[in-house]
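*Asks:* Encoded as structure tokens, here's the structure I'll be asking about.
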Amino acid sequence: MSTGEHISEVSNASQTLLLNIRTLEWDPVLLQFFGIRASVLPCLVLTSKVCRYLAYGPLKGMPLGGLVGDQQGVLIGNKSQLPYSG
């Protein structure tokens, strides 16, 4: 990406307990309660959507999407895509 953007997909963001799972946005009530500025939190993106494009290098213009976190990555890495196979 090279833009220095701070992004997170919503399933990882939900682990902070600061995400409103109905709106898929940072919850302003919780942010105020804990004294956290929204400006320090990452921009939220959907897991399966193209969210950005690579900005430079041999893959410049390549879409970036399908973000996964550690737990999702382990399931994919262990080839556990079928229901109940993880």
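Simple scheme: letters A, B, ... for chains in structure tokens order, numbers from 1 for residues in each chain, numbers from 1 for ligands in the order shown.
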List the neighbours of region 23-33 of chain A out to 12 Å using only C-alpha atoms; skip same-chain residues closer than 2 positions along the sequence, and give me the result as number ranges by chain.
*Replies:* A: 8-21, 35-47
*Asks:* Would you mind writing down, as a PDB file with all heavy atoms, in the first residue's frame, each residue of chain A that DSSP on the backbone assigns to strand (DSSP E or B)?
*Replies:*
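Wrote result31.pdb, looks like this:
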```
ATOM      1  N   ILE A   7      -5.501   0.613   8.599  1.00  0.00           N
ATOM      2  CA  ILE A   7      -6.808   0.022   8.334  1.00  0.00           C
ATOM      3  C   ILE A   7      -6.961  -1.289   9.086  1.00  0.00           C
ATOM      4  O   ILE A   7      -5.974  -1.941   9.423  1.00  0.00           O
ATOM      5  CB  ILE A   7      -7.067  -0.209   6.818  1.00  0.00           C
ATOM      6  CG1 ILE A   7      -6.079  -1.215   6.241  1.00  0.00           C
ATOM      7  CG2 ILE A   7      -7.035   1.087   6.059  1.00  0.00           C
ATOM      8  CD1 ILE A   7      -6.375  -1.617   4.817  1.00  0.00           C
ATOM      9  N   SER A   8      -8.189  -1.661   9.338  1.00  0.00           N
ATOM     10  CA  SER A   8      -8.510  -2.941   9.956  1.00  0.00           C
ATOM     11  C   SER A   8      -9.813  -3.431   9.366  1.00  0.00           C
ATOM     12  O   SER A   8     -10.684  -2.640   9.018  1.00  0.00           O
ATOM     13  CB  SER A   8      -8.662  -2.782  11.465  1.00  0.00           C
ATOM     14  OG  SER A   8      -9.030  -4.020  12.057  1.00  0.00           O
ATOM     15  N   GLU A   9      -9.919  -4.745   9.267  1.00  0.00           N
ATOM     16  CA  GLU A   9     -11.207  -5.266   8.839  1.00  0.00           C
ATOM     17  C   GLU A   9     -12.080  -5.469  10.078  1.00  0.00           C
ATOM     18  O   GLU A   9     -11.585  -5.551  11.204  1.00  0.00           O
ATOM     19  CB  GLU A   9     -11.041  -6.519   7.986  1.00  0.00           C
ATOM     20  CG  GLU A   9     -10.208  -7.620   8.602  1.00  0.00           C
ATOM     21  CD  GLU A   9     -10.999  -8.504   9.503  1.00  0.00           C
ATOM     22  OE1 GLU A   9     -12.172  -8.795   9.213  1.00  0.00           O
ATOM     23  OE2 GLU A   9     -10.470  -8.908  10.527  1.00  0.00           O
ATOM     24  N   LEU A  19     -16.250  -1.758  18.710  1.00  0.00           N
ATOM     25  CA  LEU A  19     -16.983  -1.739  17.455  1.00  0.00           C
ATOM     26  C   LEU A  19     -18.464  -1.983  17.711  1.00  0.00           C
ATOM     27  O   LEU A  19     -18.831  -2.894  18.446  1.00  0.00           O
ATOM     28  CB  LEU A  19     -16.448  -2.823  16.512  1.00  0.00           C
ATOM     29  CG  LEU A  19     -17.095  -2.864  15.145  1.00  0.00           C
ATOM     30  CD1 LEU A  19     -16.526  -1.765  14.259  1.00  0.00           C
ATOM     31  CD2 LEU A  19     -16.892  -4.220  14.493  1.00  0.00           C
ATOM     32  N   ASN A  20     -19.297  -1.159  17.094  1.00  0.00           N
ATOM     33  CA  ASN A  20     -20.730  -1.403  17.119  1.00  0.00           C
ATOM     34  C   ASN A  20     -21.009  -2.437  16.032  1.00  0.00           C
ATOM     35  O   ASN A  20     -20.855  -2.149  14.849  1.00  0.00           O
ATOM     36  CB  ASN A  20     -21.497  -0.107  16.842  1.00  0.00           C
ATOM     37  CG  ASN A  20     -22.990  -0.300  16.893  1.00  0.00           C
ATOM     38  OD1 ASN A  20     -23.536  -1.271  16.381  1.00  0.00           O
ATOM     39  ND2 ASN A  20     -23.669   0.642  17.513  1.00  0.00           N
ATOM     40  N   GLU A  25     -19.164   0.251  12.738  1.00  0.00           N
ATOM     41  CA  GLU A  25     -18.363   1.459  12.929  1.00  0.00           C
ATOM     42  C   GLU A  25     -17.946   1.511  14.389  1.00  0.00           C
ATOM     43  O   GLU A  25     -18.536   0.862  15.250  1.00  0.00           O
ATOM     44  CB  GLU A  25     -19.177   2.704  12.565  1.00  0.00           C
ATOM     45  CG  GLU A  25     -19.550   2.758  11.102  1.00  0.00           C
ATOM     46  CD  GLU A  25     -20.374   3.990  10.760  1.00  0.00           C
ATOM     47  OE1 GLU A  25     -20.640   4.803  11.663  1.00  0.00           O
ATOM     48  OE2 GLU A  25     -20.743   4.118   9.597  1.00  0.00           O
ATOM     49  N   TRP A  26     -16.911   2.302  14.655  1.00  0.00           N
ATOM     50  CA  TRP A  26     -16.501   2.488  16.045  1.00  0.00           C
ATOM     51  C   TRP A  26     -17.659   3.109  16.817  1.00  0.00           C
ATOM     52  O   TRP A  26     -18.317   4.004  16.331  1.00  0.00           O
ATOM     53  CB  TRP A  26     -15.270   3.384  16.128  1.00  0.00           C
ATOM     54  CG  TRP A  26     -14.064   2.806  15.430  1.00  0.00           C
ATOM     55  CD1 TRP A  26     -13.441   3.321  14.345  1.00  0.00           C
ATOM     56  CD2 TRP A  26     -13.369   1.611  15.762  1.00  0.00           C
ATOM     57  NE1 TRP A  26     -12.386   2.517  13.982  1.00  0.00           N
ATOM     58  CE2 TRP A  26     -12.318   1.453  14.840  1.00  0.00           C
ATOM     59  CE3 TRP A  26     -13.519   0.638  16.752  1.00  0.00           C
ATOM     60  CZ2 TRP A  26     -11.432   0.383  14.879  1.00  0.00           C
ATOM     61  CZ3 TRP A  26     -12.636  -0.435  16.794  1.00  0.00           C
ATOM     62  CH2 TRP A  26     -11.610  -0.548  15.867  1.00  0.00           C
ATOM     63  N   CYS A  43      -9.064   2.960  10.056  1.00  0.00           N
ATOM     64  CA  CYS A  43     -10.213   3.024   9.159  1.00  0.00           C
ATOM     65  C   CYS A  43     -10.730   1.593   9.006  1.00  0.00           C
ATOM     66  O   CYS A  43      -9.948   0.657   8.860  1.00  0.00           O
ATOM     67  CB  CYS A  43      -9.757   3.589   7.821  1.00  0.00           C
ATOM     68  SG  CYS A  43     -11.019   3.578   6.555  1.00  0.00           S
ATOM     69  N   LEU A  44     -12.031   1.411   9.065  1.00  0.00           N
ATOM     70  CA  LEU A  44     -12.605   0.067   8.995  1.00  0.00           C
ATOM     71  C   LEU A  44     -12.996  -0.288   7.564  1.00  0.00           C
ATOM     72  O   LEU A  44     -13.560   0.528   6.840  1.00  0.00           O
ATOM     73  CB  LEU A  44     -13.824  -0.025   9.907  1.00  0.00           C
ATOM     74  CG  LEU A  44     -13.519   0.178  11.388  1.00  0.00           C
ATOM     75  CD1 LEU A  44     -14.800   0.263  12.194  1.00  0.00           C
ATOM     76  CD2 LEU A  44     -12.619  -0.926  11.903  1.00  0.00           C
ATOM     77  N   VAL A  45     -12.689  -1.524   7.188  1.00  0.00           N
ATOM     78  CA  VAL A  45     -13.046  -2.024   5.857  1.00  0.00           C
ATOM     79  C   VAL A  45     -13.721  -3.380   6.017  1.00  0.00           C
ATOM     80  O   VAL A  45     -13.515  -4.074   7.009  1.00  0.00           O
ATOM     81  CB  VAL A  45     -11.810  -2.141   4.944  1.00  0.00           C
ATOM     82  CG1 VAL A  45     -11.187  -0.775   4.695  1.00  0.00           C
ATOM     83  CG2 VAL A  45     -10.780  -3.092   5.507  1.00  0.00           C
ATOM     84  N   ARG A  52      -8.222  -1.227  -1.050  1.00  0.00           N
ATOM     85  CA  ARG A  52      -7.183  -0.328  -1.522  1.00  0.00           C
ATOM     86  C   ARG A  52      -6.483  -0.986  -2.703  1.00  0.00           C
ATOM     87  O   ARG A  52      -6.728  -2.137  -3.030  1.00  0.00           O
ATOM     88  CB  ARG A  52      -6.142  -0.034  -0.430  1.00  0.00           C
ATOM     89  CG  ARG A  52      -6.691   0.555   0.857  1.00  0.00           C
ATOM     90  CD  ARG A  52      -7.189   1.980   0.668  1.00  0.00           C
ATOM     91  NE  ARG A  52      -7.557   2.600   1.912  1.00  0.00           N
ATOM     92  CZ  ARG A  52      -8.766   2.512   2.471  1.00  0.00           C
ATOM     93  NH1 ARG A  52      -9.713   1.822   1.925  1.00  0.00           N
ATOM     94  NH2 ARG A  52      -9.023   3.140   3.601  1.00  0.00           N
ATOM     95  N   TYR A  53      -5.558  -0.243  -3.300  1.00  0.00           N
ATOM     96  CA  TYR A  53      -4.741  -0.771  -4.389  1.00  0.00           C
ATOM     97  C   TYR A  53      -3.277  -0.513  -4.051  1.00  0.00           C
ATOM     98  O   TYR A  53      -2.946   0.511  -3.454  1.00  0.00           O
ATOM     99  CB  TYR A  53      -5.103  -0.100  -5.723  1.00  0.00           C
ATOM    100  CG  TYR A  53      -6.497  -0.450  -6.169  1.00  0.00           C
ATOM    101  CD1 TYR A  53      -7.591   0.279  -5.740  1.00  0.00           C
ATOM    102  CD2 TYR A  53      -6.721  -1.544  -6.992  1.00  0.00           C
ATOM    103  CE1 TYR A  53      -8.877  -0.049  -6.123  1.00  0.00           C
ATOM    104  CE2 TYR A  53      -8.007  -1.884  -7.394  1.00  0.00           C
ATOM    105  CZ  TYR A  53      -9.073  -1.139  -6.954  1.00  0.00           C
ATOM    106  OH  TYR A  53     -10.343  -1.484  -7.330  1.00  0.00           O
ATOM    107  N   PRO A  63      -5.297  -4.964  -6.726  1.00  0.00           N
ATOM    108  CA  PRO A  63      -6.269  -4.736  -5.651  1.00  0.00           C
ATOM    109  C   PRO A  63      -5.878  -5.476  -4.378  1.00  0.00           C
ATOM    110  O   PRO A  63      -5.324  -6.566  -4.431  1.00  0.00           O
ATOM    111  CB  PRO A  63      -7.575  -5.300  -6.223  1.00  0.00           C
ATOM    112  CG  PRO A  63      -7.175  -6.182  -7.344  1.00  0.00           C
ATOM    113  CD  PRO A  63      -5.836  -5.737  -7.825  1.00  0.00           C
ATOM    114  N   LEU A  64      -6.160  -4.842  -3.253  1.00  0.00           N
ATOM    115  CA  LEU A  64      -5.908  -5.431  -1.944  1.00  0.00           C
ATOM    116  C   LEU A  64      -7.252  -5.673  -1.289  1.00  0.00           C
ATOM    117  O   LEU A  64      -8.032  -4.747  -1.080  1.00  0.00           O
ATOM    118  CB  LEU A  64      -5.052  -4.478  -1.099  1.00  0.00           C
ATOM    119  CG  LEU A  64      -4.713  -4.910   0.308  1.00  0.00           C
ATOM    120  CD1 LEU A  64      -3.890  -6.183   0.289  1.00  0.00           C
ATOM    121  CD2 LEU A  64      -3.973  -3.815   1.038  1.00  0.00           C
TER     122      LEU A  64
END
```
